[in-house]
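Enquirer: Below is the structure I would like to discuss, written out as structure tokens.
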Amino acid sequence: MEKLTEVITAAEFHPTECNVFVYSSSKGTIRLCDMRSSALCDRHSKQFDRSFFSEIISSISDVKLSNSGRYMISRDYLSIKVWDLHMETKPSETYVVHEYLRAKLCSLYENDCIFDKFECCWNGKDTSIMTGSYNNFFRVFDRNTKKDVTLEASRDFVKPKTVLKPRKVCTGGKRKKDKISVDCLDFNKKILHTAWHPQENIIAVAATNNLFIFQDKF
């Protein structure tokens, strides 16, 4: 891992302060820069703390500033973190996306899935965040209630007014009827790109060569 070059994985400007932008790197570092201090942004005003995971897992695949400009979310391989821009030492919130994959990291490394770059996004009020996963699953986290849900983007649910049912993944040998085993997940089906309407509860997720648009009350 020492031989890997650090590359920029995501970058975004502040929604209200045009001189401030943030970017993330493949080594798990997030940097906030202010162009008023220097036109050449080789130095950062704030560096947000790295995780304690290995370098591959801590690689930041996406970073998004909140609509209010106060917070920021970052997506690594196993989790999504919420950062307060006034406190760079540690994330203010951490949400586990698919912790059940931790036991499969070796096989995910061998088939290159561990290098997949998942995006993340805010809803218009900054109260919920969304990101993708495998098996055409995507995750929605409510910051107020701390509740989360796993939903599936499937062509079986393309009929109008179809209500998506929450999905659950189990790791043990025995599983309930409404759960799917982690060994049955399809890693070729993945949702890397997600978007949330800035005013309405309308989301768009890209699953391979299909684009799904859902409207719901989260």
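Chain labels run A, B, ... following the order of the structure tokens; each chain numbers its residues from 1, and ligands are numbered from 1 in the order shown.
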Run DSSP on the backbone and tell me which residues of range 14-204 of chain A come out as helix (DSSP H, G or I); list them as a list in words.

Expert: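 Output for range 14-204 of chain A, helix (DSSP H, G or I) only: Glu55, Ile56, Ile57, Ser58, Glu99, Tyr100, Leu101, Arg102, Ala103, Lys104, Leu105, Cys106, Ser107, Leu108, Tyr109, Glu110, Cys113, Ile114, Phe115, Arg155, Asp156, Phe157, Val182, Asp183 and Cys184 of chain A.
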
Enquirer: Mind dumping the selected residues with C-alpha atoms as a PDB file, in the first residue's frame?

Expert:
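Okay, this is what ended up in part_7.pdb:
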ATOM      1  CA  GLU A  55      -5.843   2.464   3.605  1.00  0.00           C
ATOM      2  CA  ILE A  56      -8.066   0.876   0.969  1.00  0.00           C
ATOM      3  CA  ILE A  57     -11.181   0.861   3.133  1.00  0.00           C
ATOM      4  CA  SER A  58     -10.618   4.413   4.355  1.00  0.00           C
ATOM      5  CA  GLU A  99     -20.746  -3.711   7.953  1.00  0.00           C
ATOM      6  CA  TYR A 100     -21.678  -7.302   7.101  1.00  0.00           C
ATOM      7  CA  LEU A 101     -19.100  -7.145   4.294  1.00  0.00           C
ATOM      8  CA  ARG A 102     -16.172  -6.744   6.675  1.00  0.00           C
ATOM      9  CA  ALA A 103     -15.741 -10.526   6.892  1.00  0.00           C
ATOM     10  CA  LYS A 104     -15.582 -10.684   3.085  1.00  0.00           C
ATOM     11  CA  LEU A 105     -12.902  -8.061   2.486  1.00  0.00           C
ATOM     12  CA  CYS A 106     -10.397 -10.607   1.186  1.00  0.00           C
ATOM     13  CA  SER A 107     -12.715 -11.866  -1.544  1.00  0.00           C
ATOM     14  CA  LEU A 108     -13.849  -8.316  -2.319  1.00  0.00           C
ATOM     15  CA  TYR A 109     -10.212  -7.357  -2.797  1.00  0.00           C
ATOM     16  CA  GLU A 110      -9.625 -10.294  -5.131  1.00  0.00           C
ATOM     17  CA  CYS A 113     -15.083  -4.746  -5.652  1.00  0.00           C
ATOM     18  CA  ILE A 114     -13.244  -3.136  -2.764  1.00  0.00           C
ATOM     19  CA  PHE A 115     -12.243  -0.356  -5.177  1.00  0.00           C
ATOM     20  CA  ARG A 155     -37.231  -3.940 -12.262  1.00  0.00           C
ATOM     21  CA  ASP A 156     -39.754  -6.049 -10.356  1.00  0.00           C
ATOM     22  CA  PHE A 157     -40.953  -2.822  -8.760  1.00  0.00           C
ATOM     23  CA  VAL A 182     -24.810 -12.001   2.719  1.00  0.00           C
ATOM     24  CA  ASP A 183     -23.589 -15.001   0.704  1.00  0.00           C
ATOM     25  CA  CYS A 184     -26.437 -14.475  -1.777  1.00  0.00           C
TER      26      CYS A 184
END

Enquirer: Neighbouring residues of Ser154 in chain A were defined as those with any atom within 12 Å, considering only C-alpha atoms; residues of the same chain fewer than 2 positions away were excluded. Please report them as number ranges by chain.

Expert: A: 135-138, 151-152, 156-159, 162-165, 189-191, 205-214

Enquirer: How would the residues just picked look written out with N, CA and C atoms as an mmCIF file, in the first residue's frame?

Expert:
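Written file, result-v5.cif:
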data_model
loop_
_atom_site.group_PDB
_atom_site.id
_atom_site.type_symbol
_atom_site.label_atom_id
_atom_site.label_comp_id
_atom_site.auth_asym_id
_atom_site.auth_seq_id
_atom_site.Cartn_x
_atom_site.Cartn_y
_atom_site.Cartn_z
ATOM 1 N N ASN A 135 -26.094 -5.535 -4.614
ATOM 2 C CA ASN A 135 -27.366 -6.224 -4.830
ATOM 3 C C ASN A 135 -28.472 -5.238 -5.216
ATOM 4 N N ASN A 136 -28.061 -4.095 -5.779
ATOM 5 C CA ASN A 136 -28.982 -2.998 -6.126
ATOM 6 C C ASN A 136 -29.703 -2.448 -4.900
ATOM 7 N N PHE A 137 -29.052 -2.551 -3.736
ATOM 8 C CA PHE A 137 -29.589 -1.959 -2.521
ATOM 9 C C PHE A 137 -29.098 -0.521 -2.397
ATOM 10 N N PHE A 138 -29.908 0.313 -1.779
ATOM 11 C CA PHE A 138 -29.446 1.646 -1.395
ATOM 12 C C PHE A 138 -29.968 1.950 0.000
ATOM 13 N N LEU A 151 -33.319 -0.274 0.918
ATOM 14 C CA LEU A 151 -34.301 -0.466 -0.143
ATOM 15 C C LEU A 151 -33.620 -1.042 -1.368
ATOM 16 N N GLU A 152 -34.406 -1.649 -2.231
ATOM 17 C CA GLU A 152 -33.857 -2.296 -3.426
ATOM 18 C C GLU A 152 -34.426 -1.653 -4.685
ATOM 19 N N ASP A 156 -38.523 -5.410 -10.823
ATOM 20 C CA ASP A 156 -39.754 -6.049 -10.356
ATOM 21 C C ASP A 156 -40.700 -5.033 -9.725
ATOM 22 N N PHE A 157 -40.152 -3.839 -9.431
ATOM 23 C CA PHE A 157 -40.953 -2.822 -8.760
ATOM 24 C C PHE A 157 -41.163 -1.600 -9.643
ATOM 25 N N VAL A 158 -41.286 -1.799 -10.941
ATOM 26 C CA VAL A 158 -41.383 -0.662 -11.860
ATOM 27 C C VAL A 158 -42.815 -0.181 -12.060
ATOM 28 N N LYS A 159 -43.790 -0.882 -11.512
ATOM 29 C CA LYS A 159 -45.172 -0.448 -11.665
ATOM 30 C C LYS A 159 -45.409 0.836 -10.862
ATOM 31 N N THR A 162 -45.896 1.529 -6.714
ATOM 32 C CA THR A 162 -45.402 0.360 -5.983
ATOM 33 C C THR A 162 -44.650 0.819 -4.733
ATOM 34 N N VAL A 163 -44.973 0.251 -3.595
ATOM 35 C CA VAL A 163 -44.327 0.617 -2.337
ATOM 36 C C VAL A 163 -43.114 -0.284 -2.129
ATOM 37 N N LEU A 164 -41.955 0.326 -1.938
ATOM 38 C CA LEU A 164 -40.741 -0.449 -1.707
ATOM 39 C C LEU A 164 -40.730 -0.986 -0.283
ATOM 40 N N LYS A 165 -40.426 -2.250 -0.155
ATOM 41 C CA LYS A 165 -40.353 -2.875 1.156
ATOM 42 C C LYS A 165 -38.907 -2.875 1.644
ATOM 43 N N LYS A 189 -24.282 -6.306 -9.239
ATOM 44 C CA LYS A 189 -25.356 -5.318 -9.187
ATOM 45 C C LYS A 189 -25.019 -4.335 -8.069
ATOM 46 N N LYS A 190 -24.747 -3.123 -8.430
ATOM 47 C CA LYS A 190 -24.329 -2.138 -7.437
ATOM 48 C C LYS A 190 -24.887 -0.766 -7.796
ATOM 49 N N ILE A 191 -25.202 0.002 -6.790
ATOM 50 C CA ILE A 191 -25.677 1.373 -6.991
ATOM 51 C C ILE A 191 -24.562 2.318 -6.554
ATOM 52 N N VAL A 205 -31.627 6.776 -8.470
ATOM 53 C CA VAL A 205 -30.498 5.870 -8.250
ATOM 54 C C VAL A 205 -30.183 5.161 -9.561
ATOM 55 N N ALA A 206 -28.899 5.027 -9.829
ATOM 56 C CA ALA A 206 -28.456 4.360 -11.048
ATOM 57 C C ALA A 206 -27.977 2.964 -10.701
ATOM 58 N N ALA A 207 -28.658 1.962 -11.251
ATOM 59 C CA ALA A 207 -28.307 0.563 -11.021
ATOM 60 C C ALA A 207 -27.863 -0.047 -12.344
ATOM 61 N N THR A 208 -26.565 -0.186 -12.503
ATOM 62 C CA THR A 208 -25.956 -0.684 -13.741
ATOM 63 C C THR A 208 -26.398 0.195 -14.913
ATOM 64 N N ASN A 209 -27.199 -0.326 -15.835
ATOM 65 C CA ASN A 209 -27.649 0.478 -16.980
ATOM 66 C C ASN A 209 -29.101 0.921 -16.835
ATOM 67 N N ASN A 210 -29.610 0.918 -15.613
ATOM 68 C CA ASN A 210 -30.989 1.338 -15.343
ATOM 69 C C ASN A 210 -31.007 2.532 -14.405
ATOM 70 N N LEU A 211 -31.901 3.473 -14.679
ATOM 71 C CA LEU A 211 -32.097 4.623 -13.800
ATOM 72 C C LEU A 211 -33.478 4.518 -13.166
ATOM 73 N N PHE A 212 -33.505 4.485 -11.840
ATOM 74 C CA PHE A 212 -34.760 4.379 -11.100
ATOM 75 C C PHE A 212 -35.047 5.705 -10.406
ATOM 76 N N ILE A 213 -36.290 6.153 -10.495
ATOM 77 C CA ILE A 213 -36.729 7.367 -9.816
ATOM 78 C C ILE A 213 -37.881 6.999 -8.887
ATOM 79 N N PHE A 214 -37.710 7.311 -7.612
ATOM 80 C CA PHE A 214 -38.715 6.983 -6.603
ATOM 81 C C PHE A 214 -39.165 8.248 -5.885
#

Enquirer: Extract, using only C-alpha atoms, all DNA, RNA and protein residues at most 10 Å from His14 in chain A, discarding same-chain residues fewer than 2 positions from it, and format them as number ranges by chain.

Expert: A: 12, 16-22, 32, 64-70, 72

Enquirer: One number please: CA of Ala10 in chain A to CA of Arg167 in chain A, in Å, one decimal.

Expert: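 Answer for the CA of Ala10 in chain A to CA of Arg167 in chain A separation: 29.4 Å.
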
Enquirer: Using DSSP on the backbone, list every residue of range 82-144 of chain A that comes out as strand (DSSP E or B), and give them as a PyMOL selection string.

Expert: chain A and resi 82-84+87+93-96+120-122+128-132+134+137-142

Enquirer: Residues at most 10 Å from range 196-204 of chain A, counting only C-alpha atoms, excluding those fewer than 4 positions away in the same chain, as an mmCIF file with N, CA and C atoms, in the first residue's frame?

Expert:
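What ended up in part_31.cif:
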data_model
loop_
_atom_site.group_PDB
_atom_site.id
_atom_site.type_symbol
_atom_site.label_atom_id
_atom_site.label_comp_id
_atom_site.auth_asym_id
_atom_site.auth_seq_id
_atom_site.Cartn_x
_atom_site.Cartn_y
_atom_site.Cartn_z
ATOM 1 N N ASN A 67 -26.601 21.491 2.153
ATOM 2 C CA ASN A 67 -27.217 22.653 1.522
ATOM 3 C C ASN A 67 -27.072 23.907 2.375
ATOM 4 N N CYS A 120 -22.655 9.672 -2.421
ATOM 5 C CA CYS A 120 -23.603 9.936 -1.343
ATOM 6 C C CYS A 120 -24.272 11.276 -1.607
ATOM 7 N N CYS A 121 -25.408 11.522 -0.963
ATOM 8 C CA CYS A 121 -26.110 12.787 -1.200
ATOM 9 C C CYS A 121 -26.987 13.149 -0.007
ATOM 10 N N TRP A 122 -27.314 14.445 0.079
ATOM 11 C CA TRP A 122 -28.211 14.983 1.095
ATOM 12 C C TRP A 122 -29.612 15.144 0.523
ATOM 13 N N ASN A 123 -30.605 15.146 1.418
ATOM 14 C CA ASN A 123 -31.912 15.623 0.979
ATOM 15 C C ASN A 123 -31.928 17.146 1.092
ATOM 16 N N GLY A 124 -32.995 17.788 0.641
ATOM 17 C CA GLY A 124 -33.017 19.242 0.581
ATOM 18 C C GLY A 124 -32.913 19.932 1.922
ATOM 19 N N LYS A 125 -33.386 19.280 2.994
ATOM 20 C CA LYS A 125 -33.373 19.886 4.325
ATOM 21 C C LYS A 125 -32.179 19.447 5.165
ATOM 22 N N ASP A 126 -31.283 18.653 4.591
ATOM 23 C CA ASP A 126 -30.097 18.150 5.295
ATOM 24 C C ASP A 126 -30.454 17.249 6.473
ATOM 25 N N SER A 128 -31.661 14.016 6.010
ATOM 26 C CA SER A 128 -31.447 12.619 5.614
ATOM 27 C C SER A 128 -30.318 12.542 4.603
ATOM 28 N N ILE A 129 -29.662 11.398 4.576
ATOM 29 C CA ILE A 129 -28.589 11.156 3.615
ATOM 30 C C ILE A 129 -28.811 9.795 2.967
ATOM 31 N N MET A 130 -28.269 9.650 1.771
ATOM 32 C CA MET A 130 -28.483 8.418 1.011
ATOM 33 C C MET A 130 -27.191 8.007 0.324
ATOM 34 N N ALA A 153 -33.542 -1.299 -5.605
ATOM 35 C CA ALA A 153 -33.951 -0.801 -6.917
ATOM 36 C C ALA A 153 -34.007 -1.993 -7.866
ATOM 37 N N LEU A 211 -31.901 3.473 -14.679
ATOM 38 C CA LEU A 211 -32.097 4.623 -13.800
ATOM 39 C C LEU A 211 -33.478 4.518 -13.166
ATOM 40 N N PHE A 212 -33.505 4.485 -11.840
ATOM 41 C CA PHE A 212 -34.760 4.379 -11.100
ATOM 42 C C PHE A 212 -35.047 5.705 -10.406
ATOM 43 N N ILE A 213 -36.290 6.153 -10.495
ATOM 44 C CA ILE A 213 -36.729 7.367 -9.816
ATOM 45 C C ILE A 213 -37.881 6.999 -8.887
ATOM 46 N N PHE A 214 -37.710 7.311 -7.612
ATOM 47 C CA PHE A 214 -38.715 6.983 -6.603
ATOM 48 C C PHE A 214 -39.165 8.248 -5.885
ATOM 49 N N GLN A 215 -40.409 8.238 -5.456
ATOM 50 C CA GLN A 215 -40.947 9.311 -4.635
ATOM 51 C C GLN A 215 -41.585 8.687 -3.407
ATOM 52 N N ASP A 216 -41.199 9.185 -2.243
ATOM 53 C CA ASP A 216 -41.691 8.587 -1.008
ATOM 54 C C ASP A 216 -41.606 9.615 0.102
ATOM 55 N N LYS A 217 -42.141 9.263 1.265
ATOM 56 C CA LYS A 217 -42.072 10.105 2.443
ATOM 57 C C LYS A 217 -41.119 9.458 3.432
ATOM 58 N N PHE A 218 -39.912 10.030 3.535
ATOM 59 C CA PHE A 218 -38.915 9.468 4.438
ATOM 60 C C PHE A 218 -39.055 10.101 5.810
#

Enquirer: Nearest to Asp76 in chain A: which of A:Met35, A:Leu185, A:Ile30, A:Cys170 is it, counting only C-alpha atoms?

Expert: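 Smallest distance to Asp76 in chain A is found for A:Ile30.
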